[in-house]
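*Asks:* Please read through the structure below; I'll follow up with questions.
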Amino acid sequence: MKLYYSPGACSLACHIVLEEIAIPFEAQRVDIGQGEHLAAPYLTINPAGRLPALEEDGSVLTEATAILISLALRYPEAGLIPKQADRMLETLAWLSSTVHPLYGALWRPGRMFAEEERRGALSAAARAQLPPVYERFAERLGTQGWLAGEAFTLADAYGIVFFRWANRIGIPVSDTLTDWARRVEVRPSVQRALEREGISLWS
Ligand SMILES: N[C@@H](CCC(=O)N[C@@H](CS)C(=O)NCC(=O)O)C(=O)O
């Protein structure tokens, strides 16, 4: 099994989950910052030029949430999907369809508009929407300390990506969310993935 990742990208969630289920896998770095995702070797893996991708036996799976759910279903002993999965699935969908696209608009406004002025306006609008989104994010923690119930699940592995992104661009986050991130950070799986990617949650 081979995971294609870029340091700190949403592929980090899949990286953490592969470490959680503790199966042998290869981690192939494709650095978005260096434009490697748009170069020929990676485009043969995912012609869309997006990370993550998971390759196994000649087949390639893309879309972070699909990879996460597929891995967790195949390795149920890792306990990454709670018995009552509704809230966890809701959180994955919310992160993927609400939070991630705001960063797309912020960081890649050129996908929507050619004109510099409109790009700037789109980025600014996306940036302005993020603080309240992180208030909703904190509310999802509930009382049990994790994003979907009483234990670490796929939602926490995916959510930590967006916590890190908030830190990168200076979006304020609540103490509750920071405490949760510290609980996530100390997991050996998360430590190994962060170390391999050469990143921290806090920079
Ligand atoms: N819907 C895709 C989005 C994947 C995506 O946009 N990944 C980002 C990294 S987080 C990427 O590859 N960006 C490259 C770019 O924007 O050029 C998913 O959830 O996997």
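To be explicit about the labels: the chains of the structure tokens are called A, B, and onward in the order shown, and within each one the residues are counted from 1, while ligands get numbers from 1 in the order they are shown.
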Please run DSSP on the backbone and report, as a PyMOL selection string, all residues within chain A that come out as helix (DSSP H, G or I).

*Replies:* chain A and resi 11-21+32-34+36-38+40-43+64-74+76-78+86-107+109-111+116-139+154-169+175-185+188-197

*Asks:* Excluding segment 115-127 of chain A and its own-chain neighbours fewer than 5 positions away, which residues fall within 6 Å of it when counting only C-alpha atoms? Please give them as a list in words.

*Replies:*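 Selected residues are Leu102, Ala105, Leu106 and Pro109 of chain A.
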
*Asks:* Take the residues just selected and output them with C-alpha atoms as a PDB file, in the first residue's frame.

*Replies:*
ATOM      1  CA  LEU A 102     -12.970  27.630   2.298  1.00  0.00           C
ATOM      2  CA  ALA A 105     -10.980  29.663  -1.959  1.00  0.00           C
ATOM      3  CA  LEU A 106      -8.440  31.319   0.360  1.00  0.00           C
ATOM      4  CA  PRO A 109      -8.676  31.774  -5.713  1.00  0.00           C
TER       5      PRO A 109
END

*Asks:* Which of chain A end up as strand (DSSP E) when DSSP is run on this backbone - answer as an mmCIF file with N, CA and C atoms, in the first residue's frame?

*Replies:*
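Output saved as out-v9.cif:
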data_model
loop_
_atom_site.group_PDB
_atom_site.id
_atom_site.type_symbol
_atom_site.label_atom_id
_atom_site.label_comp_id
_atom_site.auth_asym_id
_atom_site.auth_seq_id
_atom_site.Cartn_x
_atom_site.Cartn_y
_atom_site.Cartn_z
ATOM 1 N N LYS A 2 0.571 2.205 -0.855
ATOM 2 C CA LYS A 2 1.424 3.392 -0.952
ATOM 3 C C LYS A 2 0.558 4.646 -0.837
ATOM 4 N N LEU A 3 0.884 5.470 0.148
ATOM 5 C CA LEU A 3 0.167 6.735 0.314
ATOM 6 C C LEU A 3 0.985 7.858 -0.301
ATOM 7 N N TYR A 4 0.379 8.599 -1.179
ATOM 8 C CA TYR A 4 0.993 9.819 -1.720
ATOM 9 C C TYR A 4 0.496 10.971 -0.865
ATOM 10 N N TYR A 5 1.445 11.723 -0.314
ATOM 11 C CA TYR A 5 1.074 12.813 0.587
ATOM 12 C C TYR A 5 1.933 14.029 0.307
ATOM 13 N N GLU A 26 3.942 2.331 2.367
ATOM 14 C CA GLU A 26 5.002 3.232 1.906
ATOM 15 C C GLU A 26 4.411 4.641 1.847
ATOM 16 N N ALA A 27 5.165 5.606 2.336
ATOM 17 C CA ALA A 27 4.701 6.999 2.274
ATOM 18 C C ALA A 27 5.530 7.730 1.222
ATOM 19 N N GLN A 28 4.878 8.129 0.147
ATOM 20 C CA GLN A 28 5.581 8.811 -0.956
ATOM 21 C C GLN A 28 5.274 10.303 -0.922
ATOM 22 N N ARG A 29 6.311 11.088 -0.663
ATOM 23 C CA ARG A 29 6.136 12.540 -0.590
ATOM 24 C C ARG A 29 5.976 13.146 -1.985
ATOM 25 N N ALA A 53 -3.570 10.310 -2.467
ATOM 26 C CA ALA A 53 -3.948 9.153 -3.273
ATOM 27 C C ALA A 53 -3.382 7.925 -2.572
ATOM 28 N N LEU A 54 -4.135 6.857 -2.625
ATOM 29 C CA LEU A 54 -3.687 5.604 -2.017
ATOM 30 C C LEU A 54 -3.647 4.553 -3.117
ATOM 31 N N GLU A 55 -2.480 3.999 -3.330
ATOM 32 C CA GLU A 55 -2.279 3.029 -4.412
ATOM 33 C C GLU A 55 -2.099 1.636 -3.820
ATOM 34 N N GLU A 56 -2.816 0.697 -4.396
ATOM 35 C CA GLU A 56 -2.690 -0.684 -3.917
ATOM 36 C C GLU A 56 -3.006 -1.615 -5.076
ATOM 37 N N SER A 59 -4.333 -0.235 -8.247
ATOM 38 C CA SER A 59 -5.553 0.565 -8.217
ATOM 39 C C SER A 59 -5.303 1.809 -7.352
ATOM 40 N N VAL A 60 -5.886 2.925 -7.745
ATOM 41 C CA VAL A 60 -5.642 4.180 -7.020
ATOM 42 C C VAL A 60 -6.972 4.715 -6.478
ATOM 43 N N LEU A 61 -6.983 4.995 -5.176
ATOM 44 C CA LEU A 61 -8.159 5.602 -4.547
ATOM 45 C C LEU A 61 -7.804 7.040 -4.176
ATOM 46 N N THR A 62 -8.685 7.971 -4.534
ATOM 47 C CA THR A 62 -8.477 9.377 -4.165
ATOM 48 C C THR A 62 -9.640 9.824 -3.287
#

*Asks:* If you take only C-alpha atoms and all ligand atoms and a cut-off of 7 Å, which residues of chain A touch ligand 1, and what are their nearest atom pairs and distances in Å to one decimal, in chain and number order, as a Markdown table?

*Replies:*
| residue | atom | partner | partner_atom_place_in_ligand_line | distance |
| --- | --- | --- | --- | --- |
| A:Ala9 | CA | ligand 1 | 10 (S) | 4.0 |
| A:Cys10 | CA | ligand 1 | 10 (S) | 4.0 |
| A:Ser11 | CA | ligand 1 | 10 (S) | 6.4 |
| A:Ile32 | CA | ligand 1 | 14 (C) | 6.0 |
| A:His37 | CA | ligand 1 | 14 (C) | 6.8 |
| A:Gly49 | CA | ligand 1 | 12 (O) | 6.2 |
| A:Arg50 | CA | ligand 1 | 12 (O) | 3.2 |
| A:Leu51 | CA | ligand 1 | 12 (O) | 3.9 |
| A:Pro52 | CA | ligand 1 | 20 (O) | 5.7 |
| A:Thr62 | CA | ligand 1 | 20 (O) | 6.0 |
| A:Glu63 | CA | ligand 1 | 20 (O) | 3.3 |
| A:Ala64 | CA | ligand 1 | 20 (O) | 3.9 |
| A:Thr65 | CA | ligand 1 | 19 (O) | 6.2 |
| A:Ser96 | CA | ligand 1 | 19 (O) | 5.9 |
| A:Gly104 | CA | ligand 1 | 16 (O) | 6.9 |
| A:Arg108 | CA | ligand 1 | 16 (O) | 6.4 |

*Asks:* Write the residues of the selection above to a file with N, CA and C atoms, as a PDB file, in the first residue's frame.

*Replies:*
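To be explicit, this is the file written out as selection_25.pdb:
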ATOM      1  N   ALA A   9      -0.717  18.615   4.163  1.00  0.00           N
ATOM      2  CA  ALA A   9      -1.963  18.670   3.371  1.00  0.00           C
ATOM      3  C   ALA A   9      -3.012  17.756   4.019  1.00  0.00           C
ATOM      4  N   CYS A  10      -4.210  17.715   3.421  1.00  0.00           N
ATOM      5  CA  CYS A  10      -5.266  16.874   4.010  1.00  0.00           C
ATOM      6  C   CYS A  10      -4.877  15.405   4.003  1.00  0.00           C
ATOM      7  N   SER A  11      -3.869  15.059   3.212  1.00  0.00           N
ATOM      8  CA  SER A  11      -3.330  13.686   3.206  1.00  0.00           C
ATOM      9  C   SER A  11      -2.797  13.287   4.578  1.00  0.00           C
ATOM     10  N   ILE A  32       3.516  19.679  -2.650  1.00  0.00           N
ATOM     11  CA  ILE A  32       2.686  20.677  -3.358  1.00  0.00           C
ATOM     12  C   ILE A  32       3.448  21.997  -3.473  1.00  0.00           C
ATOM     13  N   HIS A  37       2.993  17.929  -7.448  1.00  0.00           N
ATOM     14  CA  HIS A  37       1.686  17.314  -7.716  1.00  0.00           C
ATOM     15  C   HIS A  37       1.215  17.585  -9.140  1.00  0.00           C
ATOM     16  N   GLY A  49      -4.172  15.861 -10.109  1.00  0.00           N
ATOM     17  CA  GLY A  49      -3.087  16.593  -9.451  1.00  0.00           C
ATOM     18  C   GLY A  49      -3.408  16.977  -8.020  1.00  0.00           C
ATOM     19  N   ARG A  50      -4.184  16.162  -7.340  1.00  0.00           N
ATOM     20  CA  ARG A  50      -4.539  16.443  -5.943  1.00  0.00           C
ATOM     21  C   ARG A  50      -4.042  15.301  -5.050  1.00  0.00           C
ATOM     22  N   LEU A  51      -3.760  15.696  -3.815  1.00  0.00           N
ATOM     23  CA  LEU A  51      -3.377  14.745  -2.778  1.00  0.00           C
ATOM     24  C   LEU A  51      -4.542  14.632  -1.797  1.00  0.00           C
ATOM     25  N   PRO A  52      -4.767  13.527  -1.135  1.00  0.00           N
ATOM     26  CA  PRO A  52      -3.981  12.299  -1.158  1.00  0.00           C
ATOM     27  C   PRO A  52      -4.409  11.348  -2.278  1.00  0.00           C
ATOM     28  N   THR A  62      -8.685   7.971  -4.534  1.00  0.00           N
ATOM     29  CA  THR A  62      -8.477   9.377  -4.165  1.00  0.00           C
ATOM     30  C   THR A  62      -9.640   9.824  -3.287  1.00  0.00           C
ATOM     31  N   GLU A  63      -9.622  11.066  -2.859  1.00  0.00           N
ATOM     32  CA  GLU A  63     -10.598  11.678  -1.954  1.00  0.00           C
ATOM     33  C   GLU A  63     -10.307  11.221  -0.524  1.00  0.00           C
ATOM     34  N   ALA A  64      -9.882  12.180   0.276  1.00  0.00           N
ATOM     35  CA  ALA A  64      -9.465  11.869   1.648  1.00  0.00           C
ATOM     36  C   ALA A  64     -10.537  11.100   2.421  1.00  0.00           C
ATOM     37  N   THR A  65     -11.784  11.545   2.336  1.00  0.00           N
ATOM     38  CA  THR A  65     -12.813  10.869   3.149  1.00  0.00           C
ATOM     39  C   THR A  65     -13.032   9.437   2.667  1.00  0.00           C
ATOM     40  N   SER A  96     -15.049  18.105   5.001  1.00  0.00           N
ATOM     41  CA  SER A  96     -14.698  17.971   3.592  1.00  0.00           C
ATOM     42  C   SER A  96     -15.467  18.940   2.686  1.00  0.00           C
ATOM     43  N   GLY A 104      -9.637  26.234   0.060  1.00  0.00           N
ATOM     44  CA  GLY A 104      -9.420  26.243  -1.396  1.00  0.00           C
ATOM     45  C   GLY A 104      -9.616  27.647  -1.945  1.00  0.00           C
ATOM     46  N   ARG A 108      -6.348  29.206  -3.191  1.00  0.00           N
ATOM     47  CA  ARG A 108      -6.328  28.966  -4.636  1.00  0.00           C
ATOM     48  C   ARG A 108      -7.456  29.729  -5.338  1.00  0.00           C
TER      49      ARG A 108
END

*Asks:* With a distance cut-off of 10 Å and only C-alpha atoms, select the neighbouring residues of Ala85 of chain A, excluding the residue or stretch itself and same-chain residues fewer than 4 positions from it, and output the selection as a PyMOL selection string.

*Replies:* chain A and resi 80-81+89-90+148-149+153

*Asks:* Between A:Thr98, A:Cys14, A:Leu71, A:Ala128, which residue has the minimum interatomic distance to Leu194 of chain A, considering only C-alpha atoms?

*Replies:* A:Cys14

*Asks:* Which residues are near Gly145 of chain A? Cut-off 10 Å, only C-alpha atoms, ignore same chain within fewer than 3 positions. Put them as a VMD selection string.

*Replies:* chain A and resid 140 to 142 148 to 152 176 to 177 179 to 180 183

*Asks:* So how many Å separate atom CA of Arg164 of chain A and atom CA of Val17 of chain A, to one decimal?

*Replies:* 16.7 Å

*Asks:* Give me, please, the distance in Å between atom CA of Met88 of chain A and atom CA of Ala155 of chain A, quoted to one decimal.

*Replies:* 5.8 Å

*Asks:* Could you give me, as number ranges by chain, the residues within 12 Å of Ala39 of chain A, counting only C-alpha atoms and dropping anything in the same chain fewer than 5 positions from it?

*Replies:* A: 30-32, 34, 44-50

*Asks:* Check the smallest atom-to-atom distance from each of A:Lys83, A:His100, A:Arg196, A:Arg74 to Ala166 of chain A using only C-alpha atoms, then report the winner.

*Replies:* A:His100

*Asks:* Given only C-alpha atoms as the basis, pick out the residue of A:Leu201, A:Ala193, A:Ile169, A:Val133 nearest to Leu18 of chain A.

*Replies:*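 Ranked by minimum distance to Leu18 of chain A, first place goes to A:Ala193.
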